[in-house]
$ cat my_file.cif   # mmCIF, C-alpha atoms, pLDDT in the B column; chains and numbers go by the auth columns
data_target
loop_
_atom_site.group_PDB
_atom_site.id
_atom_site.type_symbol
_atom_site.label_atom_id
_atom_site.label_comp_id
_atom_site.label_asym_id
_atom_site.label_seq_id
_atom_site.Cartn_x
_atom_site.Cartn_y
_atom_site.Cartn_z
_atom_site.B_iso_or_equiv
_atom_site.auth_seq_id
_atom_site.auth_asym_id
ATOM 1 C CA MET A 1 120.496 147.580 99.532 53.00 217 A
ATOM 2 C CA ASP A 2 122.511 144.770 97.934 80.00 218 A
ATOM 3 C CA ARG A 3 122.248 144.253 94.240 92.00 219 A
ATOM 4 C CA ILE A 4 120.557 141.146 92.837 95.00 220 A
ATOM 5 C CA ALA A 5 121.565 139.243 89.701 97.00 221 A
ATOM 6 C CA VAL A 6 120.124 136.287 87.797 96.00 222 A
ATOM 7 C CA LEU A 7 122.267 133.884 85.750 96.00 223 A
ATOM 8 C CA GLY A 8 120.954 131.327 83.306 95.00 224 A
ATOM 9 C CA ASP A 9 119.720 130.795 79.796 94.00 225 A
ATOM 10 C CA TYR A 10 118.117 133.899 78.336 94.00 226 A
ATOM 11 C CA ASP A 11 114.631 132.420 77.948 93.00 227 A
ATOM 12 C CA SER A 12 114.496 131.508 81.646 93.00 228 A
ATOM 13 C CA ILE A 13 115.750 134.800 83.054 95.00 229 A
ATOM 14 C CA TYR A 14 114.829 137.705 80.758 94.00 230 A
ATOM 15 C CA GLY A 15 111.641 138.500 82.713 94.00 231 A
ATOM 16 C CA PHE A 16 113.635 139.260 85.854 95.00 232 A
ATOM 17 C CA GLY A 17 114.981 142.376 84.149 94.00 233 A
ATOM 18 C CA ALA A 18 111.522 143.931 84.368 94.00 234 A
ATOM 19 C CA LEU A 19 111.796 143.606 88.153 93.00 235 A
ATOM 20 C CA GLY A 20 115.030 145.595 88.195 93.00 236 A
ATOM 21 C CA LEU A 21 117.353 142.622 88.636 95.00 237 A
ATOM 22 C CA GLU A 22 120.618 142.381 86.710 96.00 238 A
ATOM 23 C CA VAL A 23 120.147 139.705 84.052 97.00 239 A
ATOM 24 C CA ILE A 24 123.251 137.816 82.898 96.00 240 A
ATOM 25 C CA PRO A 25 122.466 135.322 80.116 96.00 241 A
ATOM 26 C CA VAL A 26 124.810 132.337 80.402 95.00 242 A
ATOM 27 C CA SER A 27 124.406 128.991 78.682 92.00 243 A
ATOM 28 C CA PRO A 28 125.497 125.845 80.560 90.00 244 A
ATOM 29 C CA ASP A 29 128.142 125.142 77.892 93.00 245 A
ATOM 30 C CA ASP A 30 129.676 128.641 78.139 95.00 246 A
ATOM 31 C CA PRO A 31 133.350 128.205 79.151 94.00 247 A
ATOM 32 C CA ASP A 32 133.194 131.581 80.932 95.00 248 A
ATOM 33 C CA ALA A 33 130.171 130.677 83.093 96.00 249 A
ATOM 34 C CA SER A 34 132.238 130.216 86.248 96.00 250 A
ATOM 35 C CA SER A 35 134.134 133.467 85.777 96.00 251 A
ATOM 36 C CA LYS A 36 130.850 135.335 85.212 96.00 252 A
ATOM 37 C CA LEU A 37 129.559 134.066 88.559 97.00 253 A
ATOM 38 C CA GLU A 38 132.840 134.937 90.270 96.00 254 A
ATOM 39 C CA GLY A 39 132.683 138.408 88.711 96.00 255 A
ATOM 40 C CA LEU A 40 129.271 139.018 90.267 96.00 256 A
ATOM 41 C CA VAL A 41 130.592 137.921 93.658 95.00 257 A
ATOM 42 C CA GLU A 42 133.569 140.275 93.317 95.00 258 A
ATOM 43 C CA ALA A 43 131.252 143.111 92.241 95.00 259 A
ATOM 44 C CA GLY A 44 129.428 142.790 95.565 94.00 260 A
ATOM 45 C CA TYR A 45 126.082 141.321 94.552 96.00 261 A
ATOM 46 C CA GLY A 46 124.188 140.213 97.658 94.00 262 A
ATOM 47 C CA ILE A 47 121.868 137.714 95.993 93.00 263 A
ATOM 48 C CA ILE A 48 122.611 135.717 92.870 95.00 264 A
ATOM 49 C CA TYR A 49 119.912 133.489 91.400 94.00 265 A
ATOM 50 C CA VAL A 50 121.166 130.694 89.134 94.00 266 A
ATOM 51 C CA THR A 51 118.951 128.411 87.049 93.00 267 A
ATOM 52 C CA GLU A 52 119.061 124.745 88.090 91.00 268 A
ATOM 53 C CA GLU A 53 120.658 123.637 84.842 92.00 269 A
ATOM 54 C CA LEU A 54 123.487 126.166 85.181 94.00 270 A
ATOM 55 C CA ALA A 55 123.848 125.521 88.918 93.00 271 A
ATOM 56 C CA GLN A 56 124.634 121.867 88.170 91.00 272 A
ATOM 57 C CA VAL A 57 127.472 122.957 85.882 93.00 273 A
ATOM 58 C CA LEU A 58 128.736 125.508 88.431 95.00 274 A
ATOM 59 C CA SER A 59 128.331 123.294 91.495 92.00 275 A
ATOM 60 C CA SER A 60 132.001 123.434 92.529 94.00 276 A
ATOM 61 C CA THR A 61 132.154 127.218 92.107 94.00 277 A
ATOM 62 C CA ILE A 62 128.918 127.658 94.070 93.00 278 A
ATOM 63 C CA ALA A 63 130.193 125.324 96.817 92.00 279 A
ATOM 64 C CA ALA A 64 133.203 127.612 97.323 92.00 280 A
ATOM 65 C CA TYR A 65 130.824 130.394 98.433 92.00 281 A
ATOM 66 C CA ARG A 66 128.409 128.228 100.449 85.00 282 A
ATOM 67 C CA GLU A 67 129.855 129.097 103.881 85.00 283 A
ATOM 68 C CA ARG A 68 130.032 132.841 103.251 88.00 284 A
ATOM 69 C CA PRO A 69 127.172 135.020 104.458 86.00 285 A
ATOM 70 C CA LEU A 70 127.142 136.904 101.146 90.00 286 A
ATOM 71 C CA PRO A 71 126.337 136.424 98.434 93.00 287 A
ATOM 72 C CA ALA A 72 123.347 134.179 98.787 90.00 288 A
ATOM 73 C CA ILE A 73 123.474 131.976 95.696 92.00 289 A
ATOM 74 C CA VAL A 74 120.033 130.496 95.131 89.00 290 A
ATOM 75 C CA SER A 75 119.143 127.861 92.556 89.00 291 A
ATOM 76 C CA ILE A 76 115.861 128.524 90.751 89.00 292 A
ATOM 77 C CA PRO A 77 113.897 126.524 88.186 86.00 293 A
ATOM 78 C CA GLY A 78 114.464 127.405 84.548 86.00 294 A
ATOM 79 C CA ILE A 79 112.262 126.604 81.580 83.00 295 A
ATOM 80 C CA LYS A 80 114.020 123.292 80.856 78.00 296 A
ATOM 81 C CA ASN A 81 116.159 120.556 82.425 72.00 297 A
ATOM 82 C CA ASN A 82 114.811 121.103 85.933 66.00 298 A
ATOM 83 C CA THR A 83 115.554 118.596 88.654 72.00 299 A
ATOM 84 C CA GLY A 84 113.521 120.079 91.492 73.00 300 A
ATOM 85 C CA SER A 85 116.689 121.171 93.298 70.00 301 A
ATOM 86 C CA GLY A 86 115.780 124.862 92.958 66.00 302 A
ATOM 87 C CA VAL A 87 112.429 124.459 94.674 70.00 303 A
ATOM 88 C CA GLU A 88 113.988 122.201 97.307 74.00 304 A
ATOM 89 C CA ALA A 89 116.755 124.726 98.020 69.00 305 A
ATOM 90 C CA VAL A 90 114.256 127.554 98.469 68.00 306 A
ATOM 91 C CA ARG A 91 112.072 125.378 100.710 72.00 307 A
ATOM 92 C CA HIS A 92 115.090 124.391 102.818 70.00 308 A
ATOM 93 C CA SER A 93 116.161 128.037 103.220 67.00 309 A
ATOM 94 C CA VAL A 94 112.688 129.099 104.309 68.00 310 A
ATOM 95 C CA GLU A 95 112.448 126.148 106.684 73.00 311 A
ATOM 96 C CA GLN A 96 115.736 127.161 108.314 66.00 312 A
ATOM 97 C CA SER A 97 114.546 130.756 108.616 65.00 313 A
ATOM 98 C CA VAL A 98 111.081 130.154 110.057 70.00 314 A
ATOM 99 C CA GLY A 99 111.537 126.727 111.644 66.00 315 A
ATOM 100 C CA SER A 100 108.736 125.140 109.671 63.00 316 A
ATOM 101 C CA ASP A 101 108.260 123.456 106.317 64.00 317 A
ATOM 102 C CA ILE A 102 106.176 125.941 104.354 56.00 318 A
ATOM 103 C CA LEU A 103 104.432 123.232 102.335 60.00 319 A
ATOM 104 C CA PHE A 104 103.810 120.580 104.977 59.00 320 A
ATOM 105 C CA GLY A 105 103.748 122.412 108.318 51.00 321 A
ATOM 106 C CA SER A 106 106.194 122.025 111.186 46.00 322 A
ATOM 107 C CA LYS A 107 108.217 118.861 111.607 46.00 323 A
#

$ encode --input "my_file.cif" --output "structure tokens"
Amino acid sequence: MDRIAVLGDYDSIYGFGALGLEVIPVSPDDPDASSKLEGLVEAGYGIIYVTEELAQVLSSTIAAYRERPLPAIVSIPGIKNNTGSGVEAVRHSVEQSVGSDILFGSK
């Protein structure tokens, strides 16, 4: 099974550790944020969750991996500075997988 990691501010992600996920606290102003994400990709993580706030900062780095089958880099809501992009990204992924909008039925 592929390993799963979560990147973002500590307060938003610390609970994921209890689920067995690798928790990597990274603040949006951390100059090493991009290299931390790239390190997880190189280490072979299959799924990497990134808080919305951090995903905005890392958008160009994330875009470089968008066409690759792995890792799946998924934006998730944090505890602050949310834009709704995390929920929208998850909804879009599910809609592509099952062919139906999970909140509003099929289109």

$ residues_around --input "my_file.cif" --residues "Leu256 of chain A" --least-positions-apart "6" --cutoff "10 Å" --atoms "all atoms listed in the file" --output "PyMOL selection string"
chain A and resi 219-223+238+240+262-264+287

$ residues_around --input "my_file.cif" --residues "segment 290-305 of chain A" --least-positions-apart "3" --cutoff "10 Å" --atoms "only C-alpha atoms" --output "VMD selection string"
chain A and resid 222 to 229 263 to 272 278 287 308 to 311

$ atom_distance --input "my_file.cif" --atom1 "atom CA of Gly260 of chain A" --atom2 "atom CA of Leu286 of chain A"
8.4 Å

$ closest_residue --input "my_file.cif" --among "A:Ile289, A:Asp246, A:Arg282, A:Ser275" --to "Tyr261 of chain A" --atoms "all atoms listed in the file"
A:Ile289

$ atom_distance --input "my_file.cif" --atom1 "atom CA of Ser250 of chain A" --atom2 "atom CA of Leu235 of chain A"
24.5 Å

$ axis_aligned_box --input "my_file.cif" --around "segment 226-237 of chain A" --padding-each-side "5 Å" --output "JSON"
{"center_x": 114.8, "center_y": 138.6, "center_z": 83.3, "size_x": 16.6, "size_y": 24.1, "size_z": 20.7}

$ atom_distance --input "my_file.cif" --atom1 "atom CA of Pro244 of chain A" --atom2 "atom CA of Ala288 of chain A"
20.2 Å

$ closest_residue --input "my_file.cif" --among "A:Tyr281, A:Arg307, A:Val314, A:Phe232" --to "Val257 of chain A" --atoms "all atoms listed in the file"
A:Tyr281

$ build_atoms --input "my_file.cif" --residues "segment 265-286 of chain A" --atoms "N, CA, C and O atoms" --output "PDB file, in the frame of the given file"
ATOM      1  N   TYR A 265     120.755 134.617  91.778  1.00 94.00           N
ATOM      2  CA  TYR A 265     119.912 133.489  91.400  1.00 94.00           C
ATOM      3  C   TYR A 265     120.544 132.806  90.196  1.00 94.00           C
ATOM      4  O   TYR A 265     120.998 133.468  89.261  1.00 94.00           O
ATOM      5  N   VAL A 266     120.573 131.479  90.217  1.00 94.00           N
ATOM      6  CA  VAL A 266     121.166 130.694  89.134  1.00 94.00           C
ATOM      7  C   VAL A 266     120.168 129.603  88.759  1.00 94.00           C
ATOM      8  O   VAL A 266     119.662 128.901  89.636  1.00 94.00           O
ATOM      9  N   THR A 267     119.876 129.466  87.470  1.00 93.00           N
ATOM     10  CA  THR A 267     118.951 128.411  87.049  1.00 93.00           C
ATOM     11  C   THR A 267     119.527 127.046  87.421  1.00 93.00           C
ATOM     12  O   THR A 267     120.748 126.857  87.482  1.00 93.00           O
ATOM     13  N   GLU A 268     118.643 126.085  87.674  1.00 91.00           N
ATOM     14  CA  GLU A 268     119.061 124.745  88.090  1.00 91.00           C
ATOM     15  C   GLU A 268     120.059 124.128  87.129  1.00 91.00           C
ATOM     16  O   GLU A 268     121.064 123.554  87.555  1.00 91.00           O
ATOM     17  N   GLU A 269     119.782 124.235  85.843  1.00 92.00           N
ATOM     18  CA  GLU A 269     120.658 123.637  84.842  1.00 92.00           C
ATOM     19  C   GLU A 269     122.064 124.213  84.940  1.00 92.00           C
ATOM     20  O   GLU A 269     123.060 123.483  84.919  1.00 92.00           O
ATOM     21  N   LEU A 270     122.182 125.527  85.067  1.00 94.00           N
ATOM     22  CA  LEU A 270     123.487 126.166  85.181  1.00 94.00           C
ATOM     23  C   LEU A 270     124.126 125.872  86.535  1.00 94.00           C
ATOM     24  O   LEU A 270     125.338 125.684  86.631  1.00 94.00           O
ATOM     25  N   ALA A 271     123.324 125.807  87.579  1.00 93.00           N
ATOM     26  CA  ALA A 271     123.848 125.521  88.918  1.00 93.00           C
ATOM     27  C   ALA A 271     124.518 124.149  88.967  1.00 93.00           C
ATOM     28  O   ALA A 271     125.515 123.967  89.669  1.00 93.00           O
ATOM     29  N   GLN A 272     124.001 123.191  88.215  1.00 91.00           N
ATOM     30  CA  GLN A 272     124.634 121.867  88.170  1.00 91.00           C
ATOM     31  C   GLN A 272     126.033 121.968  87.569  1.00 91.00           C
ATOM     32  O   GLN A 272     126.966 121.342  88.051  1.00 91.00           O
ATOM     33  N   VAL A 273     126.176 122.767  86.533  1.00 93.00           N
ATOM     34  CA  VAL A 273     127.472 122.957  85.882  1.00 93.00           C
ATOM     35  C   VAL A 273     128.436 123.710  86.801  1.00 93.00           C
ATOM     36  O   VAL A 273     129.631 123.422  86.830  1.00 93.00           O
ATOM     37  N   LEU A 274     127.915 124.652  87.564  1.00 95.00           N
ATOM     38  CA  LEU A 274     128.736 125.508  88.431  1.00 95.00           C
ATOM     39  C   LEU A 274     128.793 125.021  89.876  1.00 95.00           C
ATOM     40  O   LEU A 274     129.160 125.788  90.771  1.00 95.00           O
ATOM     41  N   SER A 275     128.456 123.781  90.115  1.00 92.00           N
ATOM     42  CA  SER A 275     128.331 123.294  91.495  1.00 92.00           C
ATOM     43  C   SER A 275     129.601 123.487  92.317  1.00 92.00           C
ATOM     44  O   SER A 275     129.524 123.875  93.488  1.00 92.00           O
ATOM     45  N   SER A 276     130.775 123.266  91.738  1.00 94.00           N
ATOM     46  CA  SER A 276     132.001 123.434  92.529  1.00 94.00           C
ATOM     47  C   SER A 276     132.278 124.910  92.821  1.00 94.00           C
ATOM     48  O   SER A 276     132.751 125.257  93.907  1.00 94.00           O
ATOM     49  N   THR A 277     131.972 125.786  91.882  1.00 94.00           N
ATOM     50  CA  THR A 277     132.154 127.218  92.107  1.00 94.00           C
ATOM     51  C   THR A 277     131.183 127.708  93.170  1.00 94.00           C
ATOM     52  O   THR A 277     131.559 128.462  94.072  1.00 94.00           O
ATOM     53  N   ILE A 278     129.932 127.271  93.089  1.00 93.00           N
ATOM     54  CA  ILE A 278     128.918 127.658  94.070  1.00 93.00           C
ATOM     55  C   ILE A 278     129.298 127.147  95.456  1.00 93.00           C
ATOM     56  O   ILE A 278     129.164 127.855  96.456  1.00 93.00           O
ATOM     57  N   ALA A 279     129.809 125.913  95.531  1.00 92.00           N
ATOM     58  CA  ALA A 279     130.193 125.324  96.817  1.00 92.00           C
ATOM     59  C   ALA A 279     131.275 126.150  97.513  1.00 92.00           C
ATOM     60  O   ALA A 279     131.310 126.219  98.745  1.00 92.00           O
ATOM     61  N   ALA A 280     132.133 126.790  96.739  1.00 92.00           N
ATOM     62  CA  ALA A 280     133.203 127.612  97.323  1.00 92.00           C
ATOM     63  C   ALA A 280     132.652 128.811  98.094  1.00 92.00           C
ATOM     64  O   ALA A 280     133.321 129.341  98.985  1.00 92.00           O
ATOM     65  N   TYR A 281     131.435 129.233  97.767  1.00 92.00           N
ATOM     66  CA  TYR A 281     130.824 130.394  98.433  1.00 92.00           C
ATOM     67  C   TYR A 281     129.751 129.990  99.451  1.00 92.00           C
ATOM     68  O   TYR A 281     129.154 130.852 100.083  1.00 92.00           O
ATOM     69  N   ARG A 282     129.506 128.713  99.623  1.00 85.00           N
ATOM     70  CA  ARG A 282     128.409 128.228 100.449  1.00 85.00           C
ATOM     71  C   ARG A 282     128.504 128.682 101.902  1.00 85.00           C
ATOM     72  O   ARG A 282     127.501 128.992 102.524  1.00 85.00           O
ATOM     73  N   GLU A 283     129.689 128.752 102.463  1.00 85.00           N
ATOM     74  CA  GLU A 283     129.855 129.097 103.881  1.00 85.00           C
ATOM     75  C   GLU A 283     129.918 130.595 104.139  1.00 85.00           C
ATOM     76  O   GLU A 283     129.924 131.024 105.279  1.00 85.00           O
ATOM     77  N   ARG A 284     129.964 131.384 103.089  1.00 88.00           N
ATOM     78  CA  ARG A 284     130.032 132.841 103.251  1.00 88.00           C
ATOM     79  C   ARG A 284     128.630 133.407 103.440  1.00 88.00           C
ATOM     80  O   ARG A 284     127.676 132.913 102.849  1.00 88.00           O
ATOM     81  N   PRO A 285     128.507 134.438 104.269  1.00 86.00           N
ATOM     82  CA  PRO A 285     127.172 135.020 104.458  1.00 86.00           C
ATOM     83  C   PRO A 285     126.643 135.705 103.200  1.00 86.00           C
ATOM     84  O   PRO A 285     125.443 135.706 102.953  1.00 86.00           O
ATOM     85  N   LEU A 286     127.528 136.283 102.411  1.00 90.00           N
ATOM     86  CA  LEU A 286     127.142 136.904 101.146  1.00 90.00           C
ATOM     87  C   LEU A 286     128.152 136.523 100.084  1.00 90.00           C
ATOM     88  O   LEU A 286     129.332 136.412 100.383  1.00 90.00           O
TER      89      LEU A 286
END
